[in-house]
$ cat target-v6.csv   # CSV, C-alpha atoms
chain,number,residue,atom,x,y,z
A,1,MET,CA,54.6,118.4,66.2
A,2,ALA,CA,52.3,117.6,63.3
A,3,ALA,CA,54.2,114.4,62.7
A,4,VAL,CA,53.7,113.3,66.3
A,5,LEU,CA,50.0,114.2,66.2
A,6,ASN,CA,49.4,112.3,63.0
A,7,ARG,CA,51.5,109.2,63.5
A,8,PRO,CA,49.7,106.1,62.4
A,9,ILE,CA,47.8,104.1,65.1
A,10,PRO,CA,48.2,100.4,64.4
A,11,GLY,CA,45.2,98.6,63.0
A,12,THR,CA,43.2,101.8,63.2
A,13,ILE,CA,41.9,104.3,60.6
A,14,VAL,CA,40.9,107.6,62.2
A,15,PHE,CA,37.7,108.9,60.7
A,16,ASP,CA,38.8,112.4,59.7
A,17,GLY,CA,37.8,114.9,57.0
A,18,GLU,CA,39.5,112.8,54.3
A,19,GLN,CA,37.7,109.6,55.3
A,20,ALA,CA,34.4,111.5,55.8
A,21,GLN,CA,34.6,112.8,52.2
A,22,ARG,CA,35.7,109.5,50.8
A,23,GLY,CA,32.8,107.6,52.5
A,24,TYR,CA,30.1,110.2,52.4
A,25,ALA,CA,27.8,108.3,50.0
A,26,LEU,CA,28.3,105.0,51.8
A,27,ASN,CA,27.6,106.5,55.2
A,28,ARG,CA,24.6,108.4,53.8
A,29,MET,CA,23.2,105.1,52.6
A,30,CYS,CA,23.8,103.5,55.9
A,31,TYR,CA,22.2,106.4,57.7
A,32,SER,CA,19.0,105.8,55.7
A,33,PHE,CA,18.7,102.4,57.4
A,34,ASN,CA,17.4,104.0,60.5
A,35,ASP,CA,14.1,103.6,58.6
A,36,ALA,CA,12.7,100.1,58.4
A,37,ALA,CA,11.2,100.8,55.0
A,38,ASN,CA,14.6,101.6,53.6
A,39,ARG,CA,16.1,98.4,55.1
A,40,ARG,CA,13.4,96.5,53.3
A,41,ALA,CA,14.0,98.4,50.0
A,42,PHE,CA,17.7,97.6,50.3
A,43,LEU,CA,17.0,93.9,50.8
A,44,GLU,CA,14.7,93.9,47.8
A,45,ASP,CA,17.3,95.4,45.4
A,46,GLU,CA,20.7,95.8,46.9
A,47,GLU,CA,22.5,96.9,43.8
A,48,GLY,CA,19.8,99.4,42.8
A,49,TYR,CA,19.8,100.8,46.4
A,50,CYS,CA,23.6,101.2,46.4
A,51,ALA,CA,23.5,102.9,42.9
A,52,ARG,CA,20.7,105.2,44.1
A,53,TYR,CA,23.0,106.5,46.9
A,54,GLY,CA,25.9,106.9,44.5
A,55,LEU,CA,28.4,104.4,46.0
A,56,ASP,CA,31.4,103.9,43.8
A,57,LYS,CA,32.4,100.5,42.4
A,58,ALA,CA,34.9,99.7,45.2
A,59,GLN,CA,32.2,100.5,47.8
A,60,ARG,CA,29.5,98.6,46.0
A,61,ASP,CA,31.8,95.5,45.8
A,62,ALA,CA,32.7,95.8,49.5
A,63,VAL,CA,29.0,95.9,50.4
A,64,LYS,CA,28.3,92.9,48.1
A,65,ARG,CA,31.1,90.9,49.8
A,66,ARG,CA,30.0,92.1,53.3
A,67,ASP,CA,33.6,93.1,53.7
A,68,PHE,CA,33.6,95.6,56.6
A,69,LEU,CA,37.3,96.1,56.7
A,70,ALA,CA,37.2,97.3,53.1
A,71,MET,CA,34.2,99.5,53.8
A,72,ILE,CA,36.2,101.1,56.7
A,73,GLU,CA,39.1,101.7,54.3
A,74,LEU,CA,36.7,103.2,51.7
A,75,GLY,CA,35.5,105.8,54.2
A,76,GLY,CA,32.8,104.0,56.0
A,77,ASN,CA,32.3,104.9,59.7
A,78,ILE,CA,31.5,102.0,62.0
A,79,TYR,CA,28.5,103.8,63.6
A,80,TYR,CA,26.8,104.0,60.3
A,81,LEU,CA,28.1,100.6,59.0
A,82,ALA,CA,26.6,99.0,62.1
A,83,LYS,CA,23.2,99.8,60.6
A,84,LEU,CA,24.1,97.9,57.4
A,85,ALA,CA,25.5,95.0,59.4
A,86,GLY,CA,22.2,94.8,61.3
A,87,ILE,CA,20.4,94.1,58.1
A,88,PHE,CA,22.5,91.0,57.6
A,89,GLY,CA,21.9,90.0,61.2
A,90,LEU,CA,25.5,90.8,62.1
A,91,GLY,CA,26.4,92.5,65.4
A,92,VAL,CA,29.6,94.3,66.4
A,93,GLN,CA,31.2,91.0,67.6
A,94,ASP,CA,30.6,89.4,64.2
A,95,ILE,CA,32.1,92.4,62.5
A,96,GLY,CA,35.0,92.4,65.0
A,97,ALA,CA,35.7,88.7,64.2
A,98,GLN,CA,35.5,89.4,60.5
A,99,GLN,CA,37.9,92.3,60.6
A,100,THR,CA,40.5,90.5,62.7
A,101,GLY,CA,40.3,87.3,60.7
A,102,VAL,CA,39.1,85.0,63.5
A,103,SER,CA,36.0,83.1,64.4
A,104,VAL,CA,33.4,84.8,66.5
A,105,GLU,CA,34.2,82.3,69.3
A,106,VAL,CA,37.8,83.2,69.2
A,107,PHE,CA,37.0,87.0,69.1
A,108,LYS,CA,34.7,86.6,72.2
A,109,ALA,CA,37.3,84.6,74.0
A,110,ARG,CA,39.9,87.3,73.4
A,111,LEU,CA,37.6,89.9,74.9
A,112,LYS,CA,37.0,87.7,77.9
A,113,ASN,CA,40.7,87.2,78.3
A,114,ALA,CA,41.2,91.0,78.2
A,115,GLY,CA,39.0,91.0,81.3
A,116,ALA,CA,40.9,88.3,83.1
B,1,MET,CA,19.2,128.2,93.7
B,2,ALA,CA,20.2,125.1,91.8
B,3,GLN,CA,22.6,122.6,93.2
B,4,ILE,CA,24.6,119.8,91.6
B,5,VAL,CA,24.0,116.7,93.6
B,6,GLY,CA,26.7,114.7,91.9
B,7,SER,CA,27.9,113.1,88.8
B,8,ILE,CA,27.5,109.6,87.3
B,9,MET,CA,29.7,108.3,84.5
B,10,THR,CA,28.6,105.1,82.8
B,11,SER,CA,29.1,103.0,79.7
B,12,HIS,CA,26.2,102.8,77.2
B,13,VAL,CA,27.0,99.6,75.2
B,14,PRO,CA,23.9,98.7,73.1
B,15,ALA,CA,24.2,95.1,74.3
B,16,ILE,CA,23.2,96.3,77.7
B,17,GLY,CA,19.9,97.6,76.2
B,18,GLY,CA,19.5,94.2,74.5
B,19,ALA,CA,20.0,92.4,77.9
B,20,ILE,CA,17.5,94.7,79.6
B,21,ALA,CA,14.9,94.1,76.8
B,22,ARG,CA,15.3,90.4,77.1
B,23,GLY,CA,15.3,90.5,81.0
B,24,LEU,CA,18.8,88.9,81.3
B,25,GLN,CA,19.9,90.9,84.3
B,26,GLU,CA,20.1,87.9,86.6
B,27,GLU,CA,21.8,85.6,84.1
B,28,ALA,CA,25.4,84.6,85.0
B,29,GLU,CA,26.8,86.5,82.0
B,30,TRP,CA,25.2,89.7,83.0
B,31,LYS,CA,24.7,89.7,86.8
B,32,PRO,CA,28.2,90.9,87.8
B,33,PHE,CA,27.7,93.9,85.5
B,34,PHE,CA,24.2,94.9,86.6
B,35,ASP,CA,25.0,94.3,90.3
B,36,GLY,CA,27.5,97.1,89.9
B,37,TYR,CA,24.6,99.6,89.7
B,38,GLU,CA,22.9,98.8,93.0
B,39,PRO,CA,24.9,101.3,95.1
B,40,VAL,CA,23.9,104.0,92.5
B,41,HIS,CA,20.2,103.1,92.9
B,42,ARG,CA,20.5,103.5,96.6
B,43,TRP,CA,22.3,106.9,96.2
B,44,LEU,CA,19.7,108.1,93.7
B,45,GLU,CA,16.9,107.3,96.2
B,46,GLU,CA,18.6,109.6,98.6
B,47,ALA,CA,19.7,112.3,96.3
B,48,GLN,CA,16.4,112.6,94.4
B,49,PRO,CA,17.6,114.8,91.5
B,50,ASP,CA,15.0,116.8,89.6
B,51,THR,CA,17.0,117.2,86.4
B,52,ALA,CA,19.8,115.3,84.7
B,53,VAL,CA,22.2,117.1,82.4
B,54,VAL,CA,23.6,114.3,80.2
B,55,PHE,CA,26.8,114.5,78.2
B,56,TYR,CA,26.5,111.8,75.5
B,57,ASN,CA,27.5,111.2,71.9
B,58,ASP,CA,25.1,110.5,69.0
B,59,HIS,CA,25.8,107.5,66.8
B,60,GLY,CA,24.0,108.5,63.7
B,61,LEU,CA,20.4,108.8,64.9
B,62,ASN,CA,19.9,112.5,65.2
B,63,PHE,CA,23.0,113.8,63.5
B,64,PHE,CA,24.5,112.8,60.1
B,65,LEU,CA,27.8,114.0,58.5
B,66,ASP,CA,25.9,116.6,56.5
B,67,LYS,CA,25.9,118.8,59.6
B,68,MET,CA,28.0,117.7,62.5
B,69,PRO,CA,27.9,120.0,65.5
B,70,THR,CA,30.9,119.8,67.9
B,71,PHE,CA,28.7,120.6,70.9
B,72,ALA,CA,24.9,120.5,70.7
B,73,VAL,CA,22.6,121.3,73.6
B,74,GLY,CA,19.0,120.0,73.7
B,75,ALA,CA,16.3,122.7,74.1
B,76,ALA,CA,13.2,120.6,73.7
B,77,ALA,CA,10.2,119.9,75.9
B,78,SER,CA,10.5,116.2,75.1
B,79,TYR,CA,13.1,114.0,73.6
B,80,ARG,CA,12.1,111.0,71.5
B,81,ASN,CA,14.1,107.8,71.0
B,82,ALA,CA,13.8,106.1,67.6
B,83,ASP,CA,14.9,103.1,65.6
B,84,GLU,CA,18.7,103.0,65.2
B,85,GLY,CA,18.5,100.3,62.6
B,86,TRP,CA,19.9,97.3,64.4
B,87,GLY,CA,17.1,96.0,66.5
B,88,LEU,CA,17.1,97.8,69.9
B,89,PRO,CA,13.5,98.4,71.0
B,90,THR,CA,12.6,102.1,71.2
B,91,VAL,CA,11.7,103.5,74.6
B,92,GLU,CA,9.3,106.2,75.9
B,93,PRO,CA,10.1,109.9,75.4
B,94,PHE,CA,12.0,111.8,78.1
B,95,PRO,CA,10.6,115.1,79.5
B,96,GLY,CA,12.9,118.0,78.8
B,97,ASP,CA,13.6,121.1,80.9
B,98,PRO,CA,13.6,123.9,78.4
B,99,GLN,CA,14.1,126.6,81.0
B,100,LEU,CA,17.3,125.1,82.2
B,101,SER,CA,18.3,124.3,78.6
B,102,TRP,CA,18.1,127.9,77.6
B,103,HIS,CA,19.9,129.0,80.7
B,104,LEU,CA,22.7,126.6,79.8
B,105,ILE,CA,22.8,127.8,76.2
B,106,ASP,CA,22.8,131.5,77.2
B,107,SER,CA,25.6,130.8,79.7
B,108,LEU,CA,27.7,128.7,77.4
B,109,VAL,CA,27.6,131.2,74.5
B,110,ALA,CA,28.3,134.1,76.9
B,111,ASP,CA,31.3,131.9,78.0
B,112,GLU,CA,32.5,131.6,74.4
B,113,PHE,CA,31.2,128.1,73.7
B,114,ASP,CA,29.4,128.5,70.3
B,115,VAL,CA,27.0,125.6,70.8
B,116,THR,CA,24.3,124.4,68.5
B,117,SER,CA,20.8,124.6,70.1
B,118,CYS,CA,18.3,121.9,69.2
B,119,GLN,CA,14.6,122.3,69.8
B,120,GLU,CA,14.2,118.8,68.2
B,121,MET,CA,16.6,116.1,69.1
B,122,LEU,CA,16.3,112.4,68.9
B,123,VAL,CA,18.3,110.6,71.6
B,124,ASP,CA,20.0,107.3,70.9
B,125,HIS,CA,21.2,104.4,73.0
B,126,ALA,CA,24.0,106.5,74.4
B,127,PHE,CA,21.3,108.4,76.2
B,128,THR,CA,18.6,105.8,76.8
B,129,ILE,CA,20.7,103.0,78.2
B,130,PRO,CA,22.2,105.1,81.0
B,131,MET,CA,18.7,106.1,81.9
B,132,ALA,CA,17.6,102.5,82.0
B,133,LEU,CA,20.6,101.6,84.1
B,134,LEU,CA,20.1,104.4,86.6
B,135,TRP,CA,16.4,104.0,87.0
B,136,PRO,CA,15.6,100.4,86.0
B,137,GLY,CA,12.2,98.9,85.5
B,138,ARG,CA,10.3,102.2,85.0
B,139,ALA,CA,9.2,103.4,81.6
B,140,ARG,CA,9.3,107.0,82.8
B,141,ARG,CA,12.2,108.3,84.8
B,142,PRO,CA,11.6,110.7,87.8
B,143,VAL,CA,13.8,113.4,86.2
B,144,LYS,CA,13.7,116.0,83.5
B,145,VAL,CA,16.6,115.9,81.1
B,146,VAL,CA,19.0,118.2,79.2
B,147,PRO,CA,21.1,116.3,76.7
B,148,ILE,CA,24.4,117.7,75.5
B,149,ALA,CA,25.8,115.9,72.5
B,150,ILE,CA,29.6,115.9,71.9
B,151,ASN,CA,30.9,115.0,68.5
B,152,THR,CA,33.0,111.8,68.8
B,153,VAL,CA,32.2,110.6,65.3
B,154,GLN,CA,34.2,112.7,62.9
B,155,PHE,CA,37.6,114.1,63.6
B,156,PRO,CA,38.6,116.8,64.5
B,157,LEU,CA,36.8,116.1,67.8
B,158,PRO,CA,36.9,118.7,70.6
B,159,SER,CA,40.0,118.1,72.7
B,160,ALA,CA,39.9,116.6,76.2
B,161,ALA,CA,41.0,120.0,77.5
B,162,ARG,CA,38.1,121.7,75.6
B,163,CYS,CA,35.5,119.2,76.9
B,164,PHE,CA,36.8,119.8,80.4
B,165,LYS,CA,36.3,123.5,80.0
B,166,LEU,CA,32.8,122.8,78.6
B,167,GLY,CA,32.0,120.8,81.7
B,168,GLN,CA,33.3,123.6,83.9
B,169,SER,CA,31.1,126.1,82.1
B,170,VAL,CA,28.1,123.9,82.5
B,171,GLY,CA,28.9,123.4,86.2
B,172,ARG,CA,29.1,127.1,86.8
B,173,ALA,CA,25.9,127.7,84.9
B,174,ILE,CA,24.0,125.1,86.9
B,175,GLU,CA,25.3,126.6,90.2
B,176,ALA,CA,24.1,130.0,89.0
B,177,TYR,CA,20.7,128.9,87.9
B,178,PRO,CA,18.3,131.0,90.0
B,179,HIS,CA,15.7,128.3,90.5
B,180,ASP,CA,15.5,125.5,93.1
B,181,ALA,CA,16.6,122.3,91.4
B,182,LYS,CA,18.8,119.4,92.3
B,183,VAL,CA,20.8,118.6,89.2
B,184,LEU,CA,22.6,115.4,88.4
B,185,VAL,CA,25.3,115.5,85.7
B,186,ILE,CA,25.8,112.3,83.7
B,187,GLY,CA,28.6,111.4,81.3
B,188,THR,CA,28.1,108.4,79.1
B,189,GLY,CA,30.3,106.2,77.0
B,190,GLY,CA,33.6,104.3,77.2
B,191,MET,CA,35.6,102.8,78.6
B,192,SER,CA,38.3,101.3,76.3
B,193,HIS,CA,36.9,99.7,73.2
B,194,GLN,CA,37.4,99.6,69.4
B,195,LEU,CA,34.7,98.3,67.0
B,196,ASP,CA,36.5,99.0,63.7
B,197,GLY,CA,39.6,98.0,61.9
B,198,GLU,CA,42.2,95.3,62.4
B,199,ARG,CA,42.5,96.3,66.0
B,200,ALA,CA,38.8,95.6,66.7
B,201,GLY,CA,38.4,94.2,70.2
B,202,PHE,CA,41.1,96.3,71.7
B,203,ILE,CA,40.8,96.8,75.4
B,204,ASN,CA,43.3,98.5,77.7
B,205,ARG,CA,42.6,97.8,81.4
B,206,GLU,CA,45.6,99.7,82.6
B,207,PHE,CA,44.5,102.9,80.9
B,208,ASP,CA,40.9,102.5,82.1
B,209,ARG,CA,42.2,102.1,85.7
B,210,LEU,CA,44.3,105.2,85.2
B,211,CYS,CA,41.2,107.2,84.0
B,212,LEU,CA,39.1,105.9,86.9
B,213,ASP,CA,41.7,107.1,89.3
B,214,LYS,CA,42.5,110.5,87.6
B,215,LEU,CA,38.8,111.4,87.2
B,216,VAL,CA,38.5,111.3,90.9
B,217,HIS,CA,41.9,112.8,92.1
B,218,ASP,CA,43.5,114.7,89.2
B,219,PRO,CA,41.1,115.1,86.1
B,220,LEU,CA,43.4,117.8,84.6
B,221,ALA,CA,45.9,115.0,84.0
B,222,LEU,CA,43.5,113.5,81.4
B,223,THR,CA,43.2,116.8,79.5
B,224,ARG,CA,46.9,116.6,78.5
B,225,TYR,CA,46.1,113.7,76.1
B,226,SER,CA,45.4,114.5,72.4
B,227,ASN,CA,42.4,112.7,70.9
B,228,ARG,CA,44.8,110.6,68.8
B,229,GLU,CA,46.6,109.6,71.9
B,230,ILE,CA,43.3,108.6,73.5
B,231,VAL,CA,42.4,106.6,70.5
B,232,GLU,CA,45.8,104.8,70.6
B,233,LEU,CA,45.4,104.1,74.4
B,234,ALA,CA,41.7,103.5,74.7
B,235,GLY,CA,40.6,102.4,71.1
B,236,SER,CA,38.7,104.3,68.4
B,237,GLN,CA,35.5,104.4,70.5
B,238,GLY,CA,37.4,104.7,73.8
B,239,VAL,CA,37.5,108.4,73.0
B,240,GLU,CA,34.1,108.5,74.5
B,241,ILE,CA,35.9,109.2,77.8
B,242,LEU,CA,35.5,112.8,76.6
B,243,MET,CA,31.9,112.7,78.0
B,244,TRP,CA,33.2,111.5,81.3
B,245,ILE,CA,35.8,114.3,81.4
B,246,ALA,CA,33.1,116.9,80.7
B,247,ALA,CA,30.8,115.5,83.4
B,248,ARG,CA,33.7,115.4,85.9
B,249,ALA,CA,34.6,119.0,85.2
B,250,ALA,CA,31.1,120.2,86.2
B,251,LEU,CA,31.9,119.2,89.8
B,252,THR,CA,34.2,121.0,92.2
B,253,HIS,CA,38.0,120.4,92.1
B,254,ARG,CA,37.9,118.0,95.0
B,255,VAL,CA,35.3,115.3,95.0
B,256,ARG,CA,34.2,112.3,97.0
B,257,GLN,CA,34.0,108.9,95.2
B,258,VAL,CA,30.8,107.3,96.3
B,259,HIS,CA,31.1,104.2,94.0
B,260,SER,CA,33.2,102.8,91.2
B,261,HIS,CA,32.7,99.6,89.2
B,262,TYR,CA,34.6,98.1,86.3
B,263,TYR,CA,33.7,95.0,84.3
B,264,VAL,CA,35.2,93.5,81.2
B,265,PRO,CA,33.8,92.6,78.7
B,266,VAL,CA,30.3,93.8,77.9
B,267,SER,CA,30.1,93.0,74.2
B,268,ASN,CA,33.4,94.5,72.8
B,269,THR,CA,33.7,97.0,75.6
B,270,ALA,CA,35.3,97.5,79.0
B,271,ALA,CA,32.3,98.8,81.0
B,272,GLY,CA,32.9,101.4,83.7
B,273,LEU,CA,30.8,103.2,86.3
B,274,LEU,CA,31.8,106.1,88.6
B,275,LEU,CA,29.6,108.0,91.0
B,276,LEU,CA,31.1,111.2,92.4
B,277,GLU,CA,29.9,113.9,94.8
B,278,ASN,CA,31.2,117.4,95.3
B,279,LYS,CA,33.3,117.5,98.4
B,280,VAL,CA,31.6,119.9,100.8
B,281,THR,CA,33.7,121.2,103.7
B,282,VAL,CA,32.6,123.1,106.8
B,283,GLY,CA,31.8,126.6,105.7
B,284,GLY,CA,31.0,125.8,102.1
B,285,ILE,CA,32.2,123.9,99.1
B,286,ALA,CA,35.9,123.0,98.8
B,287,PRO,CA,37.8,124.9,96.1
$ encode --input "target-v6.csv" --output "structure tokens"
Amino acid sequence: MAAVLNRPIPGTIVFDGEQAQRGYALNRMCYSFNDAANRRAFLEDEEGYCARYGLDKAQRDAVKRRDFLAMIELGGNIYYLAKLAGIFGLGVQDIGAQQTGVSVEVFKARLKNAGA
Amino acid sequence: MAQIVGSIMTSHVPAIGGAIARGLQEEAEWKPFFDGYEPVHRWLEEAQPDTAVVFYNDHGLNFFLDKMPTFAVGAAASYRNADEGWGLPTVEPFPGDPQLSWHLIDSLVADEFDVTSCQEMLVDHAFTIPMALLWPGRARRPVKVVPIAINTVQFPLPSAARCFKLGQSVGRAIEAYPHDAKVLVIGTGGMSHQLDGERAGFINREFDRLCLDKLVHDPLALTRYSNREIVELAGSQGVEILMWIAARAALTHRVRQVHSHYYVPVSNTAAGLLLLENKVTVGGIAP
């Protein structure tokens, strides 16, 4: 039964207790971006801000690279990461394109086709 | 006595809020989506609910992972919206209905739902966008509200079966509320979509159609899915169908479908809308 319940879902990381622990510092930093002053502070000193929230090296590197797939793997949750993406002017379609390795135009076209 | 006038389930995609803020409702890209809400507006003019009980999910505005309630019931006199960090303009506060809130909290806990009560609760786009869709063009809506947040952020999430029972309990509590009030039950979120991972952009029309059908005729069928199965079929965020299941369960077993609308895509999401009424038969409400 447990094996059935926990079988992997292709291309998907379920945000469970393990991921929530792994990504706590990263998500906590992103949660702080609900506040405009914190978004400005991040832009002024990205590395210092990440260090202040205790992100580990892999997470700091992923933030530096704007690599959202890596951030998800490192425990980031998309709802919190969306707040970080917003700082860079990236929406969910930009992140979607990045994670699936296609251009935003192709990503949008795929969604439109899903509706056809 | 209070009476449930019906239930509305609707998507709450942030891009909808962006389109409203920029006044794009008549643009070709958006018109087919927004036109889907016209029958709901006409119905609301007739039904004139006093209060809306809203099942929704917080996306990291009010709740963080430090304390993540499975079910949280608003008990505030007013609910503020606030900056979510990615540019959606904030909207006017929503008046609460503390008397109904505490009646629901008392009833739910008596019914073995150990909910978190919140005398302060910020409401995010999952709450504000449905309000803007249902009552467009007015800064203040003609209803008081009781938000009920369901955790769909961090697994383990409450099961579909548990959310159904929660909705049933809320429905019974509303019907037993000893004050005259016409109550609308709203469920927000969905339908199929996935924002994260290599499967981002996943949409499943077939499963959405099945949900739209089962929610009307056989909602218990949806309670047999585990949340992992729902994620697999509807996408990581498609699990927001839990709020629709809870809202549906507040109604009677048999319902009348007043309106249904489905439009793909809104941003990364299959957008759905469903309006249901309790099926009243001669001599009372159908079992």
$ closest_residue --input "target-v6.csv" --among "A:Leu55, A:Val14, A:Leu84, A:Leu90" --to "Ser32 (chain A)" --atoms "all atoms listed in the file"
A:Leu84
$ interface_residues --input "target-v6.csv" --of "chain A" --to "chain B" --cutoff "7 Å" --atoms "all atoms listed in the file" --output "ChimeraX atom specification"
/A:5,9,11-13,15-17,31,33-35,69,72,78-80,83,86,92-93,96,99-100,111-112,114-115
$ residues_around --input "target-v6.csv" --residues "Leu222 (chain B)" --least-positions-apart "3" --cutoff "9 Å" --atoms "all atoms listed in the file" --output "count of residues only"
9
$ residues_near_point --input "target-v6.csv" --point "(24.6, 95.5, 42.6)" --cutoff "9 Å" --atoms "all atoms listed in the file" --output "ChimeraX atom specification"
/A:45-51,60-61,63-64
$ atom_distance --input "target-v6.csv" --atom1 "CA of Leu220 (chain B)" --atom2 "CA of Ala249 (chain B)"
8.9 Å
$ residues_around --input "target-v6.csv" --residues "Asp56 (chain A)" --least-positions-apart "6" --cutoff "12 Å" --atoms "all atoms listed in the file" --output "list in words"
Arg22, Gly23, Tyr24, Ala25, Leu26, Glu47, Cys50, Ala62, Val63, Met71, Leu74 and Gly75 of chain A
$ residues_around --input "target-v6.csv" --residues "Ile105 (chain B)" --least-positions-apart "5" --cutoff "8 Å" --atoms "only C-alpha atoms" --output "PDB file with C-alpha atoms, keeping the file's coordinate frame"
ATOM      1  CA  VAL B  73      22.600 121.300  73.600  1.00  0.00           C
ATOM      2  CA  VAL B 115      27.000 125.600  70.800  1.00  0.00           C
ATOM      3  CA  SER B 117      20.800 124.600  70.100  1.00  0.00           C
TER       4      SER B 117
END
$ closest_residue --input "target-v6.csv" --among "A:Ala58, A:Met29, A:Ala41, A:Ile95" --to "Glu73 (chain A)" --atoms "all atoms listed in the file"
A:Ala58
$ atom_distance --input "target-v6.csv" --atom1 "CA of Ser260 (chain B)" --atom2 "CA of Glu27 (chain B)"
21.8 Å
$ closest_residue --input "target-v6.csv" --among "B:Val216, B:Leu210, B:Val91, B:Ala47" --to "Gly137 (chain B)" --atoms "all atoms listed in the file"
B:Val91
$ closest_residue --input "target-v6.csv" --among "B:Met68, B:Ala221, B:Leu133, B:Ile186" --to "Pro39 (chain B)" --atoms "all atoms listed in the file"
B:Leu133
$ atom_distance --input "target-v6.csv" --atom1 "CA of Lys165 (chain B)" --atom2 "CA of Leu274 (chain B)"
19.9 Å
$ residues_around --input "target-v6.csv" --residues "Ile4 (chain B)" --least-positions-apart "3" --cutoff "7 Å" --atoms "only C-alpha atoms" --output "PDB file with C-alpha atoms, keeping the file's coordinate frame"
ATOM      1  CA  GLU B 175      25.300 126.600  90.200  1.00  0.00           C
ATOM      2  CA  LYS B 182      18.800 119.400  92.300  1.00  0.00           C
ATOM      3  CA  VAL B 183      20.800 118.600  89.200  1.00  0.00           C
ATOM      4  CA  LEU B 184      22.600 115.400  88.400  1.00  0.00           C
TER       5      LEU B 184
END
$ closest_residue --input "target-v6.csv" --among "B:Gly167, B:Gly272, B:Gly96, B:Pro136" --to "Gly23 (chain B)" --atoms "all atoms listed in the file"
B:Pro136
$ closest_residue --input "target-v6.csv" --among "B:His103, B:Ile150, B:Pro89, B:Ala19" --to "Lys31 (chain B)" --atoms "all atoms listed in the file"
B:Ala19
$ residues_around --input "target-v6.csv" --residues "Ala250 (chain B)" --least-positions-apart "2" --cutoff "12 Å" --atoms "all atoms listed in the file" --output "PyMOL selection string"
chain B and resi 3-8+53-55+163-175+183-187+215+219+243-248+252-255+276-278
$ build_atoms --input "target-v6.csv" --residues "region 10-23 of chain A" --atoms "N, CA and C atoms" --output "PDB file, keeping the file's coordinate frame"
ATOM      1  N   PRO A  10      48.314 101.696  65.022  1.00  0.00           N
ATOM      2  CA  PRO A  10      48.200 100.400  64.400  1.00  0.00           C
ATOM      3  C   PRO A  10      46.803  99.833  64.331  1.00  0.00           C
ATOM      4  N   GLY A  11      46.483  99.277  63.169  1.00  0.00           N
ATOM      5  CA  GLY A  11      45.200  98.600  63.000  1.00  0.00           C
ATOM      6  C   GLY A  11      43.989  99.550  63.103  1.00  0.00           C
ATOM      7  N   THR A  12      44.233 100.844  62.905  1.00  0.00           N
ATOM      8  CA  THR A  12      43.200 101.800  63.200  1.00  0.00           C
ATOM      9  C   THR A  12      43.176 102.891  62.073  1.00  0.00           C
ATOM     10  N   ILE A  13      42.003 103.182  61.547  1.00  0.00           N
ATOM     11  CA  ILE A  13      41.900 104.300  60.600  1.00  0.00           C
ATOM     12  C   ILE A  13      41.043 105.372  61.327  1.00  0.00           C
ATOM     13  N   VAL A  14      41.660 106.517  61.534  1.00  0.00           N
ATOM     14  CA  VAL A  14      40.900 107.600  62.200  1.00  0.00           C
ATOM     15  C   VAL A  14      39.964 108.229  61.194  1.00  0.00           C
ATOM     16  N   PHE A  15      38.704 108.356  61.612  1.00  0.00           N
ATOM     17  CA  PHE A  15      37.700 108.900  60.700  1.00  0.00           C
ATOM     18  C   PHE A  15      37.749 110.412  60.728  1.00  0.00           C
ATOM     19  N   ASP A  16      38.574 110.916  59.809  1.00  0.00           N
ATOM     20  CA  ASP A  16      38.800 112.400  59.700  1.00  0.00           C
ATOM     21  C   ASP A  16      38.129 112.935  58.484  1.00  0.00           C
ATOM     22  N   GLY A  17      38.443 114.181  58.186  1.00  0.00           N
ATOM     23  CA  GLY A  17      37.800 114.900  57.000  1.00  0.00           C
ATOM     24  C   GLY A  17      38.022 114.105  55.739  1.00  0.00           C
ATOM     25  N   GLU A  18      39.208 113.558  55.585  1.00  0.00           N
ATOM     26  CA  GLU A  18      39.500 112.800  54.300  1.00  0.00           C
ATOM     27  C   GLU A  18      38.621 111.591  54.214  1.00  0.00           C
ATOM     28  N   GLN A  19      38.554 110.813  55.287  1.00  0.00           N
ATOM     29  CA  GLN A  19      37.700 109.600  55.300  1.00  0.00           C
ATOM     30  C   GLN A  19      36.228 109.977  55.139  1.00  0.00           C
ATOM     31  N   ALA A  20      35.839 111.070  55.803  1.00  0.00           N
ATOM     32  CA  ALA A  20      34.400 111.500  55.800  1.00  0.00           C
ATOM     33  C   ALA A  20      33.993 111.892  54.382  1.00  0.00           C
ATOM     34  N   GLN A  21      34.929 112.473  53.625  1.00  0.00           N
ATOM     35  CA  GLN A  21      34.600 112.800  52.200  1.00  0.00           C
ATOM     36  C   GLN A  21      34.564 111.546  51.376  1.00  0.00           C
ATOM     37  N   ARG A  22      35.578 110.703  51.589  1.00  0.00           N
ATOM     38  CA  ARG A  22      35.700 109.500  50.800  1.00  0.00           C
ATOM     39  C   ARG A  22      34.432 108.595  50.977  1.00  0.00           C
ATOM     40  N   GLY A  23      33.930 108.552  52.210  1.00  0.00           N
ATOM     41  CA  GLY A  23      32.800 107.600  52.500  1.00  0.00           C
ATOM     42  C   GLY A  23      31.463 108.231  52.568  1.00  0.00           C
TER      43      GLY A  23
END
